[in-house]
Structures are given as C-alpha cells and as structure tokens.
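Student: Dropping in start_20.txt, which is compact mmCIF, C-alpha atoms:
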```txt
# COMPACT_ATOMS: atom_id res chain seq x y z
CA MET A 87 -48.95 82.67 298.99
CA ILE A 88 -49.43 81.23 302.46
CA PHE A 89 -52.01 82.92 304.65
CA GLU A 90 -52.08 82.17 308.37
CA LEU A 91 -54.44 83.43 311.02
CA ASP A 92 -53.28 82.77 314.55
CA ASN A 93 -54.03 83.61 318.20
CA VAL A 94 -57.47 85.07 317.57
CA GLU A 95 -59.39 86.12 320.66
CA LEU A 96 -62.80 87.68 320.14
CA TYR A 97 -65.15 88.87 322.87
CA PHE A 98 -68.64 90.32 322.65
CA LYS A 99 -69.56 92.03 325.94
CA ASN A 100 -67.19 89.86 328.02
CA LYS A 101 -68.48 86.70 326.33
CA ARG A 102 -65.65 84.82 324.66
CA ILE A 103 -66.62 83.89 321.10
CA LEU A 104 -63.27 82.79 319.66
CA ASN A 105 -59.99 81.81 321.26
CA GLY A 106 -56.94 79.81 320.26
CA ILE A 107 -57.74 79.95 316.57
CA TYR A 108 -55.25 78.76 314.00
CA LEU A 109 -56.02 78.69 310.29
CA LYS A 110 -53.72 78.17 307.35
CA ALA A 111 -54.56 78.57 303.69
CA GLU A 112 -52.33 78.46 300.67
CA THR A 113 -52.42 79.00 296.94
CA GLY A 114 -53.67 75.95 295.08
CA LYS A 115 -55.83 74.73 297.95
CA VAL A 116 -59.35 75.37 299.15
CA THR A 117 -59.54 75.64 302.93
CA ALA A 118 -62.98 75.08 304.44
CA ILE A 119 -64.38 76.13 307.80
CA LEU A 120 -67.30 74.12 309.09
CA GLY A 121 -69.24 74.69 312.27
CA ARG A 122 -72.69 75.01 313.77
CA ASN A 123 -74.83 78.14 313.56
CA GLY A 124 -73.46 80.92 315.72
CA CYS A 125 -70.09 79.28 316.34
CA GLY A 126 -68.24 82.27 314.86
CA LYS A 127 -67.43 81.25 311.27
CA SER A 128 -68.48 84.57 309.78
CA CYS A 129 -66.71 86.47 312.57
CA LEU A 130 -63.56 84.52 311.77
CA LEU A 131 -63.75 85.42 308.07
CA ASN A 132 -64.46 89.04 308.96
CA ILE A 133 -61.44 89.10 311.28
CA ALA A 134 -59.22 87.54 308.62
CA PHE A 135 -60.31 90.11 306.02
CA GLY A 136 -59.91 93.01 308.45
CA ASN A 137 -63.60 93.85 308.73
CA LEU A 138 -63.82 93.02 312.43
CA LYS A 139 -61.28 93.91 315.08
CA PRO A 140 -60.83 91.25 317.78
CA LYS A 141 -58.96 91.62 321.06
CA TYR A 142 -55.97 89.73 319.63
CA LYS A 143 -55.05 88.34 316.26
CA LEU A 144 -51.98 87.62 314.20
CA VAL A 145 -52.08 87.47 310.42
CA ARG A 146 -49.04 86.15 308.56
CA LEU A 147 -48.49 86.28 304.81
CA ASP A 148 -45.68 84.00 303.66
CA ASN A 149 -44.52 83.80 307.31
CA LYS A 150 -44.31 87.61 307.64
CA PRO A 151 -46.64 89.29 310.16
CA LEU A 152 -49.14 91.72 308.68
CA LEU A 153 -49.92 94.63 310.98
CA LYS A 154 -52.52 96.45 308.86
CA PRO A 155 -55.95 95.10 307.83
CA LEU A 156 -55.68 92.51 305.06
CA PHE A 157 -58.12 94.35 302.76
CA SER A 158 -55.82 97.39 302.64
CA THR A 159 -53.17 95.29 300.86
CA LYS A 160 -55.67 94.84 297.96
CA ILE A 161 -54.69 91.18 297.63
CA ALA A 162 -57.82 89.83 299.33
CA LYS A 163 -61.46 89.69 298.33
CA TYR A 164 -64.35 88.81 300.63
CA LEU A 165 -67.83 87.55 299.80
CA PRO A 166 -70.01 88.16 302.86
CA GLN A 167 -73.31 86.38 303.55
CA TYR A 168 -75.30 89.45 302.55
CA ASN A 169 -75.56 91.29 299.22
CA PHE A 170 -72.65 93.71 299.44
CA ILE A 171 -72.82 95.50 296.08
CA PRO A 172 -74.89 98.71 296.37
CA SER A 173 -78.31 98.28 294.73
CA GLU A 174 -78.00 101.52 292.74
CA MET A 175 -74.91 100.40 290.84
CA LYS A 176 -75.09 99.10 287.29
CA LEU A 177 -73.66 95.69 286.49
CA SER A 178 -71.52 97.08 283.65
CA PHE A 179 -69.95 99.63 286.03
CA VAL A 180 -69.15 97.03 288.71
CA PHE A 181 -67.55 94.73 286.13
CA LYS A 182 -65.35 97.61 284.94
CA LEU A 183 -64.56 98.55 288.55
CA TYR A 184 -63.31 95.03 289.34
CA ALA A 185 -61.67 94.70 285.88
CA ILE A 186 -63.73 91.66 284.91
CA ASP A 187 -64.58 90.81 281.32
CA TRP A 188 -68.35 90.93 280.78
CA THR A 189 -68.23 88.81 277.58
CA ILE A 190 -66.50 85.92 279.36
CA PHE A 191 -69.09 86.15 282.13
CA ILE A 192 -71.91 85.95 279.56
CA GLU A 193 -70.33 82.86 277.99
CA ASN A 194 -70.88 81.09 281.33
CA PHE A 195 -74.13 82.80 282.29
CA GLU A 196 -76.07 83.57 279.10
CA ALA A 197 -79.27 84.40 280.97
CA PHE A 198 -77.63 87.51 282.45
CA ALA A 199 -76.86 89.11 279.05
CA ILE A 200 -80.00 91.28 279.24
CA TYR A 201 -78.87 92.82 282.55
CA LYS A 202 -75.67 94.49 281.33
CA ASN A 203 -77.01 98.02 281.82
CA SER A 204 -79.38 97.17 284.66
CA LYS A 205 -78.90 98.10 288.27
CA PHE A 206 -78.34 95.43 290.91
CA LYS A 207 -81.73 96.20 292.43
CA ALA A 208 -83.36 94.81 289.25
CA LEU A 209 -81.99 91.33 290.04
CA SER A 210 -83.44 88.69 292.35
CA GLY A 211 -81.56 87.70 295.51
CA GLY A 212 -80.20 84.53 293.89
CA GLU A 213 -79.13 86.35 290.72
CA ARG A 214 -77.31 88.97 292.77
CA ARG A 215 -75.63 86.24 294.77
CA ILE A 216 -74.29 84.42 291.71
CA ILE A 217 -72.92 87.65 290.20
CA GLU A 218 -71.32 88.72 293.48
CA THR A 219 -69.73 85.29 293.88
CA TYR A 220 -68.43 85.44 290.29
CA ILE A 221 -66.98 88.92 290.80
CA ILE A 222 -65.21 87.98 294.04
CA LEU A 223 -63.79 84.79 292.54
CA LYS A 224 -62.69 86.36 289.25
CA ALA A 225 -61.38 89.72 290.52
CA LYS A 226 -57.62 90.08 290.73
CA SER A 227 -56.50 88.80 294.15
CA LYS A 228 -54.37 86.25 295.94
CA ILE A 229 -56.68 85.36 298.82
CA VAL A 230 -60.44 84.85 298.57
CA PHE A 231 -62.88 84.50 301.48
CA LEU A 232 -66.28 83.03 300.65
CA ASP A 233 -68.97 83.08 303.32
CA GLU A 234 -71.83 80.76 302.34
CA PRO A 235 -71.28 80.92 298.56
CA PHE A 236 -73.75 78.08 297.92
CA SER A 237 -76.67 79.62 299.82
CA HIS A 238 -79.63 80.86 297.76
CA LEU A 239 -78.29 79.22 294.59
CA SER A 240 -80.00 76.70 292.34
CA PRO A 241 -78.29 73.26 291.98
CA LEU A 242 -77.05 74.19 288.50
CA HIS A 243 -75.43 77.38 289.74
CA ILE A 244 -73.91 75.54 292.70
CA GLU A 245 -72.09 73.28 290.24
CA THR A 246 -70.93 76.33 288.26
CA VAL A 247 -69.59 77.96 291.44
CA LYS A 248 -67.77 74.74 292.34
CA GLN A 249 -66.16 74.74 288.89
CA LEU A 250 -65.15 78.38 289.30
CA ILE A 251 -63.57 77.60 292.67
CA GLU A 252 -61.67 74.72 291.09
CA GLU A 253 -60.36 77.02 288.34
CA GLU A 254 -59.46 79.95 290.58
CA LYS A 255 -57.71 77.94 293.30
CA LYS A 256 -54.78 77.40 290.92
CA GLU A 257 -53.74 81.01 291.47
CA LYS A 258 -55.44 81.85 294.75
CA ALA A 259 -55.77 80.71 298.34
CA ILE A 260 -59.50 80.19 298.88
CA ILE A 261 -61.13 80.06 302.29
CA ILE A 262 -64.73 78.95 302.28
CA SER A 263 -67.48 78.50 304.83
CA ASP A 264 -70.96 77.06 304.30
CA HIS A 265 -73.55 74.82 305.92
CA MET A 266 -73.94 72.71 302.77
CA TYR A 267 -71.24 70.32 303.95
CA GLN A 268 -71.53 67.94 300.97
CA HIS A 269 -70.47 70.73 298.60
CA ILE A 270 -67.80 71.90 301.02
CA ILE A 271 -66.34 68.41 301.32
CA ALA A 272 -66.43 68.01 297.53
CA SER A 273 -64.67 71.27 296.76
CA SER A 274 -62.17 71.65 299.64
CA ASP A 275 -58.69 70.27 300.24
CA ILE A 276 -58.34 71.14 303.93
CA ILE A 277 -61.15 71.28 306.47
CA TYR A 278 -61.20 73.01 309.84
CA LEU A 279 -64.03 72.50 312.29
CA LEU A 280 -64.89 75.47 314.46
CA LYS A 281 -66.15 74.23 317.79
CA ASN A 282 -66.17 75.77 321.28
CA GLY A 283 -64.47 78.85 319.86
CA THR A 284 -61.41 77.00 318.54
CA THR A 285 -60.43 75.40 315.25
CA LYS A 286 -59.70 71.72 314.85
CA LYS A 287 -58.08 70.48 311.66
CA ILE A 288 -60.01 67.55 310.27
CA GLU A 289 -57.75 64.75 309.07
CA LYS A 290 -60.48 62.17 308.42
CA LEU A 291 -64.05 63.02 307.48
CA THR A 292 -65.39 60.67 310.16
CA GLU A 293 -64.05 63.15 312.73
CA LEU A 294 -66.95 65.41 311.74
CA GLU A 295 -69.25 62.77 313.22
CA ASP A 296 -66.96 62.21 316.22
CA TYR A 297 -67.08 65.93 317.03
CA LYS A 298 -70.90 65.84 316.66
CA TYR A 299 -70.94 68.27 313.74
CA LEU A 300 -72.68 65.58 311.68
CA SER A 301 -75.00 62.92 312.99
CA GLU A 302 -73.84 59.30 312.86
CA GLY A 303 -74.09 57.84 309.36
CA SER A 304 -74.46 61.21 307.58
CA LEU A 305 -71.33 60.61 305.53
CA ARG A 306 -72.52 57.21 304.33
CA SER A 307 -75.84 58.52 302.98
CA MET B 1425 -61.04 106.66 287.86
CA TYR B 1426 -63.67 103.94 288.40
CA ARG B 1427 -62.75 103.80 292.09
CA PHE B 1428 -63.35 107.55 292.36
CA LEU B 1429 -66.71 107.15 290.62
CA ALA B 1430 -67.56 104.40 293.11
CA ILE B 1431 -66.78 106.81 295.98
CA LEU B 1432 -69.01 109.42 294.33
CA ALA B 1433 -71.80 106.82 294.25
CA PHE B 1434 -71.42 106.45 298.02
CA TYR B 1435 -71.57 110.24 298.44
CA ARG B 1436 -74.69 110.66 296.26
CA PRO B 1437 -77.34 109.93 298.97
CA PHE B 1438 -75.70 112.54 301.23
CA VAL B 1439 -75.68 115.36 298.63
CA VAL B 1440 -79.23 116.57 299.32
CA TRP B 1441 -78.59 116.66 303.08
CA SER B 1442 -75.35 118.49 302.45
CA PHE B 1443 -77.13 121.18 300.43
CA ILE B 1444 -79.81 121.58 303.12
CA ALA B 1445 -77.00 122.05 305.66
CA ASN B 1446 -75.30 124.55 303.32
CA ALA B 1447 -78.53 126.54 302.96
CA ILE B 1448 -78.99 126.71 306.76
CA ILE B 1449 -75.34 127.70 307.26
CA GLY B 1450 -75.68 130.29 304.47
CA PHE B 1451 -78.67 132.00 306.11
CA PHE B 1452 -77.30 132.06 309.66
CA ASN B 1453 -73.51 132.32 309.40
CA PRO B 1454 -72.09 132.27 305.87
CA LEU B 1455 -68.43 132.04 306.94
CA ILE B 1456 -66.34 129.30 305.43
CA ALA B 1457 -64.31 128.16 308.48
CA PRO B 1458 -67.33 127.49 310.79
CA ALA B 1459 -69.11 125.88 307.84
CA LEU B 1460 -66.25 123.43 307.32
CA VAL B 1461 -66.15 122.61 311.04
CA THR B 1462 -69.90 121.93 310.88
CA LYS B 1463 -69.34 119.68 307.87
CA LEU B 1464 -66.63 117.79 309.75
CA PHE B 1465 -69.10 117.03 312.55
CA LEU B 1466 -71.76 116.03 310.02
CA THR B 1467 -69.28 113.69 308.28
CA ILE B 1468 -68.44 112.07 311.63
CA PHE B 1469 -72.17 111.69 312.28
CA ALA B 1470 -72.65 110.12 308.82
CA TRP B 1471 -69.80 107.68 309.61
CA TYR B 1472 -71.50 106.74 312.89
CA TYR B 1473 -74.88 106.38 311.14
CA VAL B 1474 -73.46 104.14 308.41
CA SER B 1475 -71.51 102.01 310.91
CA GLU B 1476 -74.54 101.44 313.15
CA THR B 1477 -77.10 100.58 310.47
CA ASN B 1478 -77.42 98.05 307.63
CA ASN B 1479 -75.63 100.60 305.44
CA LYS B 1480 -72.37 99.29 306.87
CA ARG B 1481 -72.73 96.42 304.38
CA LYS B 1482 -71.80 98.91 301.69
CA LEU B 1483 -68.45 99.39 303.42
CA THR B 1484 -67.54 95.78 302.55
CA PHE B 1485 -67.92 96.71 298.89
CA TYR B 1486 -65.34 99.47 299.30
CA LYS B 1487 -63.02 97.32 301.41
CA ASN B 1488 -62.99 94.79 298.57
CA LEU B 1489 -61.58 97.64 296.47
CA GLY B 1490 -58.95 98.31 299.14
CA ILE B 1491 -60.70 101.50 300.32
CA SER B 1492 -60.83 101.73 304.11
CA THR B 1493 -63.70 103.45 305.90
CA LEU B 1494 -61.35 106.26 306.96
CA LYS B 1495 -60.22 106.84 303.37
CA LEU B 1496 -63.81 106.71 302.10
CA PHE B 1497 -65.12 109.32 304.55
CA SER B 1498 -62.00 111.48 304.15
CA VAL B 1499 -62.58 111.71 300.39
CA ILE B 1500 -66.26 112.45 300.98
CA PHE B 1501 -65.37 115.18 303.48
CA ILE B 1502 -62.96 116.80 301.02
CA LEU B 1503 -65.58 116.66 298.24
CA ASP B 1504 -68.18 118.11 300.55
CA CYS B 1505 -65.82 120.91 301.64
CA ILE B 1506 -65.21 121.87 298.00
CA LEU B 1507 -68.97 121.97 297.31
CA THR B 1508 -69.57 123.95 300.52
CA ILE B 1509 -66.93 126.56 299.65
CA ILE B 1510 -68.36 126.96 296.12
CA PHE B 1511 -71.92 127.20 297.51
CA LEU B 1512 -71.06 129.78 300.19
CA THR B 1513 -68.96 131.87 297.78
CA ILE B 1514 -71.84 132.05 295.30
CA PHE B 1515 -74.33 132.59 298.16
CA LYS B 1516 -72.36 135.58 299.50
CA GLU B 1517 -72.25 137.15 296.01
CA PHE B 1518 -76.06 137.35 295.97
CA THR B 1519 -76.66 138.49 299.55
```
Translate this structure into structure tokens?

Tutor:
Amino acid sequence: MIFELDNVELYFKNKRILNGIYLKAETGKVTAILGRNGCGKSCLLNIAFGNLKPKYKLVRLDNKPLLKPLFSTKIAKYLPQYNFIPSEMKLSFVFKLYAIDWTIFIENFEAFAIYKNSKFKALSGGERRIIETYIILKAKSKIVFLDEPFSHLSPLHIETVKQLIEEEKKEKAIIISDHMYQHIIASSDIIYLLKNGTTKKIEKLTELEDYKYLSEGSLRS
Amino acid sequence: MYRFLAILAFYRPFVVWSFIANAIIGFFNPLIAPALVTKLFLTIFAWYYVSETNNKRKLTFYKNLGISTLKLFSVIFILDCILTIIFLTIFKEFT
C-alpha cells in the first residue's frame, strides 16, 4: 500500500498554515514528520486521516485518488495527541470492538491484567496512552497515524512501543510525529521536516541542523 | 454488533435529556410528527454541541471504527425517534 498526501492547503481565518505539502508513506516503512511546535504536524495528520477538511488536498492510495475521507475506508487508524477512547468504556469491550486479543496484550503488559473489566477512567494518563497506542497499532488496518506516541510514556514503555512499531510496519504504512526526535530517528525509515508550512524530505540527518530544527551538535551528543 | 453497542454508548448521556424533551412534548403537543421534527432539531443541536466542545474527541474514536459523524448522529436520531414514538404512544394511552 502506498499512501500519498499532496497539494494540501490549510487556512485558519485567512492565515495560511500549510501549503505545498507532499508526503508519501508505504507498507514496510515508518515515515516520520518532524517540526517545531505549532508548525502544523497534528493538522497534517488530521487532514490525512480525514478529521480536518483543508481548502485543498489530494490523497492517493496506490496511485489512485481517494475522494472520500480516509477513515471511511476503514483501512486507517489514527492515534491523536489526546485520550480518544471514551472514559466510560471498559477495556474488555474496547478490545473486542477492535478485535484485539486481550491475552496477547497481557503477555506484553502483565501489569494491566487487573484492569480487564475496568473502565478507562480508572487508568492514569500514561496507562491510557499505552493502551490506546497498542490498540491503534494492533487493530486491523493498512495505514497507521501516530501523533506523539512517545509522550507521557515511561522509558520502558517507549522501548515497547518502538518494538511494536517495528513489528507492525511489516504489514502497515506507519506515519509518526513526535518531539522526541531521538526515538523518531531510531524508529523511522523516512523523515519529513515540516517548516514554513511545507514538507522537506530529509536525506541526511545533518539537514535537521541545517534547517534549524536541531541546534548545532545535537546529533553528535 | 459491538459497533452498534459503541454507538449506544455515545447515545447514553443524551437519553435523560431526550426523556425530558419527550415529557415536555407529551404535555404540550403529544403528536408524533411535530415531536420527530423537534427531535431532529435537538439532534442537530447535539451535533453542534459535540463538535464545538472537547466532546469532539470522542468522534475520533468512532472514526477509527469507520463511523463518520453523519452516520453516528443519523443512527442516534433513528434510535431517539423509535424511543419517542414508543413514549408518546404509551403517554397517549394514559391521558
């Protein structure tokens, strides 16, 4: 599966946020989007998923234009920055809803075994985040969008999420965005830098310093 | 089936308000057609309310299941209409 997002133009009250965007992701690769706060990374993921309607956009799947929102095809899953699973829902119900095996989950995350029949509101922010990330990565799909999957997670869970991404990318196109650039660099195959409303494909990591996303010498430390 | 149950979970917070509206409609004008038109306006208002508050985060949950906002509120409207018709029919039997 090849996913392409092209010609995105987004305005908020006549202020141009995004223009001339091109993004390509394919099965077997993790595509990362880096950029400063407020540069439009989350907007871009929302547009790609179909959550946000820009002035213009073109989505292509395997070179064929898609005219309806991507989510309606049921082949895409999106992890937003916020907790998106309703607090009143039970974990066991959500796992059944997304057709995910609870026992396999517990093999990886033993500490969550006691929460099977608990509601999401009983979990801490970090616990909710790890479960939501797991559900989005493991649910049946072909394209996965992850907006800040490493935020609010302990170092141990960050490593687990990186492993999950590595496993799932074999069958999925994964698009990821986060400020923790070391983890992004470690887990991605292609990097785009979002700057001045447009995307720039990063061929060499030193370009991140050239474009002033990272300060000089950050990559050496 | 699970998807339908998930939609019911979205409808649950609106049930009490729906019954209050049904009771008011029942006392003043217990006719089904105007009641359904009222419910249509209330559903549109609920859509606006959800879209303009933090509740819109819940919509992402349903979009991940392939359920658009239009589909979600359409199913809720149909469910609400069924409940309204049952409520008004029973209400008219006792008044």

Student: Which of these, B:Leu1460, B:Leu1496, B:Ile1514, B:Cys1505, has the shortest distance to Ala1433 in chain B once you count all atoms listed in the file?

Tutor: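 Selected residue with least distance to Ala1433 in chain B: B:Leu1496.
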
Student: Select, from B:Ile1509, B:Ile1449, B:Leu1494, B:Leu1503, the residue with the minimum atom-to-atom distance to chain A, counting only C-alpha atoms.

Tutor: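 Closest to chain A of all the choices is B:Leu1494.
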
Student: Taking only residues of chain B that have an atom at most 9 Å from an atom of chain A, what is each one's shortest atom pair and its distance in Å to one decimal, using only C-alpha atoms, in chain and number order, as CSV?

Tutor:
```
residue,atom,partner,partner_atom,distance
B:Met1425,CA,A:Leu183,CA,8.9
B:Tyr1426,CA,A:Leu183,CA,5.5
B:Arg1427,CA,A:Leu183,CA,6.6
B:Ala1430,CA,A:Leu183,CA,8.0
B:Ala1433,CA,A:Met175,CA,7.9
B:Phe1434,CA,A:Pro172,CA,8.6
B:Arg1481,CA,A:Phe170,CA,5.6
B:Lys1482,CA,A:Phe170,CA,5.7
B:Leu1483,CA,A:Phe170,CA,8.1
B:Thr1484,CA,A:Phe170,CA,6.3
B:Phe1485,CA,A:Phe170,CA,5.6
B:Lys1487,CA,A:Phe157,CA,5.9
B:Asn1488,CA,A:Lys163,CA,5.3
B:Leu1489,CA,A:Lys160,CA,6.7
B:Gly1490,CA,A:Ser158,CA,4.8
B:Ile1491,CA,A:Ser158,CA,6.8
B:Ser1492,CA,A:Ser158,CA,6.8
```

Student: Would you compute the distance between CA of Phe231 in chain A and CA of Ser263 in chain A? Give it in Å to one decimal.

Tutor: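 Atom-to-atom, CA of Phe231 in chain A and CA of Ser263 in chain A are spaced 8.3 Å apart.
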
Student: One decimal, in Å: what's the spacing between CA of Leu109 in chain A and CA of Gly303 in chain A?

Tutor: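 Distance reported for this atom pair: 27.6 Å.
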
Student: Go through A:Glu245, A:Asp187, A:Glu218, A:Glu95 one by one, measure the shortest atom-to-atom distance of each to Lys139 in chain A using only C-alpha atoms, and give the residue with the smallest value.

Tutor: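 Checking each candidate against Lys139 in chain A, we get A:Glu95 as the closest.
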
Student: If I put a ball of radius 10 Å at (-66.1, 84.5, 293.9) in the file's coordinates, which residues poke into it when counting only C-alpha atoms, written as a PyMOL selection string?

Tutor: chain A and resi 163-165+215-225+230-233+235+247+250-251+254+260

Student: Start from the incomplete input, build N, CA and C atoms for range 259-282 of chain A, and deliver everything as a PDB file, keeping the file's coordinate frame.

Tutor:
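Result file follows (rebuild.pdb):
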```
ATOM      1  N   ALA A 259     -55.444  81.468 297.124  1.00  0.00           N
ATOM      2  CA  ALA A 259     -55.770  80.710 298.340  1.00  0.00           C
ATOM      3  C   ALA A 259     -57.237  81.009 298.630  1.00  0.00           C
ATOM      4  N   ILE A 260     -58.058  79.981 298.678  1.00  0.00           N
ATOM      5  CA  ILE A 260     -59.500  80.190 298.880  1.00  0.00           C
ATOM      6  C   ILE A 260     -59.925  79.638 300.231  1.00  0.00           C
ATOM      7  N   ILE A 261     -60.604  80.472 300.984  1.00  0.00           N
ATOM      8  CA  ILE A 261     -61.130  80.060 302.290  1.00  0.00           C
ATOM      9  C   ILE A 261     -62.645  80.144 302.210  1.00  0.00           C
ATOM     10  N   ILE A 262     -63.297  79.063 302.546  1.00  0.00           N
ATOM     11  CA  ILE A 262     -64.730  78.950 302.280  1.00  0.00           C
ATOM     12  C   ILE A 262     -65.461  78.450 303.529  1.00  0.00           C
ATOM     13  N   SER A 263     -66.671  78.939 303.706  1.00  0.00           N
ATOM     14  CA  SER A 263     -67.480  78.500 304.830  1.00  0.00           C
ATOM     15  C   SER A 263     -68.930  78.354 304.365  1.00  0.00           C
ATOM     16  N   ASP A 264     -69.556  77.260 304.700  1.00  0.00           N
ATOM     17  CA  ASP A 264     -70.960  77.060 304.300  1.00  0.00           C
ATOM     18  C   ASP A 264     -71.549  75.936 305.139  1.00  0.00           C
ATOM     19  N   HIS A 265     -72.883  75.916 305.199  1.00  0.00           N
ATOM     20  CA  HIS A 265     -73.550  74.820 305.920  1.00  0.00           C
ATOM     21  C   HIS A 265     -73.815  73.619 305.021  1.00  0.00           C
ATOM     22  N   MET A 266     -73.681  73.820 303.705  1.00  0.00           N
ATOM     23  CA  MET A 266     -73.940  72.710 302.770  1.00  0.00           C
ATOM     24  C   MET A 266     -72.666  71.855 302.712  1.00  0.00           C
ATOM     25  N   TYR A 267     -72.525  71.008 303.740  1.00  0.00           N
ATOM     26  CA  TYR A 267     -71.240  70.320 303.950  1.00  0.00           C
ATOM     27  C   TYR A 267     -70.862  69.382 302.810  1.00  0.00           C
ATOM     28  N   GLN A 268     -71.879  68.843 302.089  1.00  0.00           N
ATOM     29  CA  GLN A 268     -71.530  67.940 300.970  1.00  0.00           C
ATOM     30  C   GLN A 268     -70.739  68.705 299.903  1.00  0.00           C
ATOM     31  N   HIS A 269     -71.176  69.928 299.606  1.00  0.00           N
ATOM     32  CA  HIS A 269     -70.470  70.730 298.600  1.00  0.00           C
ATOM     33  C   HIS A 269     -69.112  71.183 299.125  1.00  0.00           C
ATOM     34  N   ILE A 270     -69.066  71.478 300.398  1.00  0.00           N
ATOM     35  CA  ILE A 270     -67.800  71.900 301.020  1.00  0.00           C
ATOM     36  C   ILE A 270     -66.781  70.760 300.942  1.00  0.00           C
ATOM     37  N   ILE A 271     -67.232  69.578 301.330  1.00  0.00           N
ATOM     38  CA  ILE A 271     -66.340  68.410 301.320  1.00  0.00           C
ATOM     39  C   ILE A 271     -65.857  68.146 299.882  1.00  0.00           C
ATOM     40  N   ALA A 272     -66.779  68.298 298.927  1.00  0.00           N
ATOM     41  CA  ALA A 272     -66.430  68.010 297.530  1.00  0.00           C
ATOM     42  C   ALA A 272     -65.430  69.015 296.956  1.00  0.00           C
ATOM     43  N   SER A 273     -65.515  70.263 297.404  1.00  0.00           N
ATOM     44  CA  SER A 273     -64.670  71.270 296.760  1.00  0.00           C
ATOM     45  C   SER A 273     -63.457  71.706 297.591  1.00  0.00           C
ATOM     46  N   SER A 274     -63.287  71.172 298.816  1.00  0.00           N
ATOM     47  CA  SER A 274     -62.170  71.650 299.640  1.00  0.00           C
ATOM     48  C   SER A 274     -61.042  70.619 299.754  1.00  0.00           C
ATOM     49  N   ASP A 275     -59.859  71.130 300.052  1.00  0.00           N
ATOM     50  CA  ASP A 275     -58.690  70.270 300.240  1.00  0.00           C
ATOM     51  C   ASP A 275     -58.352  70.115 301.720  1.00  0.00           C
ATOM     52  N   ILE A 276     -58.629  71.158 302.487  1.00  0.00           N
ATOM     53  CA  ILE A 276     -58.340  71.140 303.930  1.00  0.00           C
ATOM     54  C   ILE A 276     -59.618  71.582 304.644  1.00  0.00           C
ATOM     55  N   ILE A 277     -59.943  70.905 305.725  1.00  0.00           N
ATOM     56  CA  ILE A 277     -61.150  71.280 306.470  1.00  0.00           C
ATOM     57  C   ILE A 277     -60.792  71.572 307.929  1.00  0.00           C
ATOM     58  N   TYR A 278     -61.298  72.691 308.416  1.00  0.00           N
ATOM     59  CA  TYR A 278     -61.200  73.010 309.840  1.00  0.00           C
ATOM     60  C   TYR A 278     -62.617  73.001 310.412  1.00  0.00           C
ATOM     61  N   LEU A 279     -62.741  72.448 311.598  1.00  0.00           N
ATOM     62  CA  LEU A 279     -64.030  72.500 312.290  1.00  0.00           C
ATOM     63  C   LEU A 279     -63.920  73.524 313.411  1.00  0.00           C
ATOM     64  N   LEU A 280     -64.867  74.450 313.410  1.00  0.00           N
ATOM     65  CA  LEU A 280     -64.890  75.470 314.460  1.00  0.00           C
ATOM     66  C   LEU A 280     -65.861  75.018 315.541  1.00  0.00           C
ATOM     67  N   LYS A 281     -65.310  74.710 316.704  1.00  0.00           N
ATOM     68  CA  LYS A 281     -66.150  74.230 317.790  1.00  0.00           C
ATOM     69  C   LYS A 281     -65.631  74.770 319.122  1.00  0.00           C
ATOM     70  N   ASN A 282     -66.535  75.184 319.982  1.00  0.00           N
ATOM     71  CA  ASN A 282     -66.170  75.770 321.280  1.00  0.00           C
ATOM     72  C   ASN A 282     -65.176  76.923 321.139  1.00  0.00           C
TER      73      ASN A 282
END
```
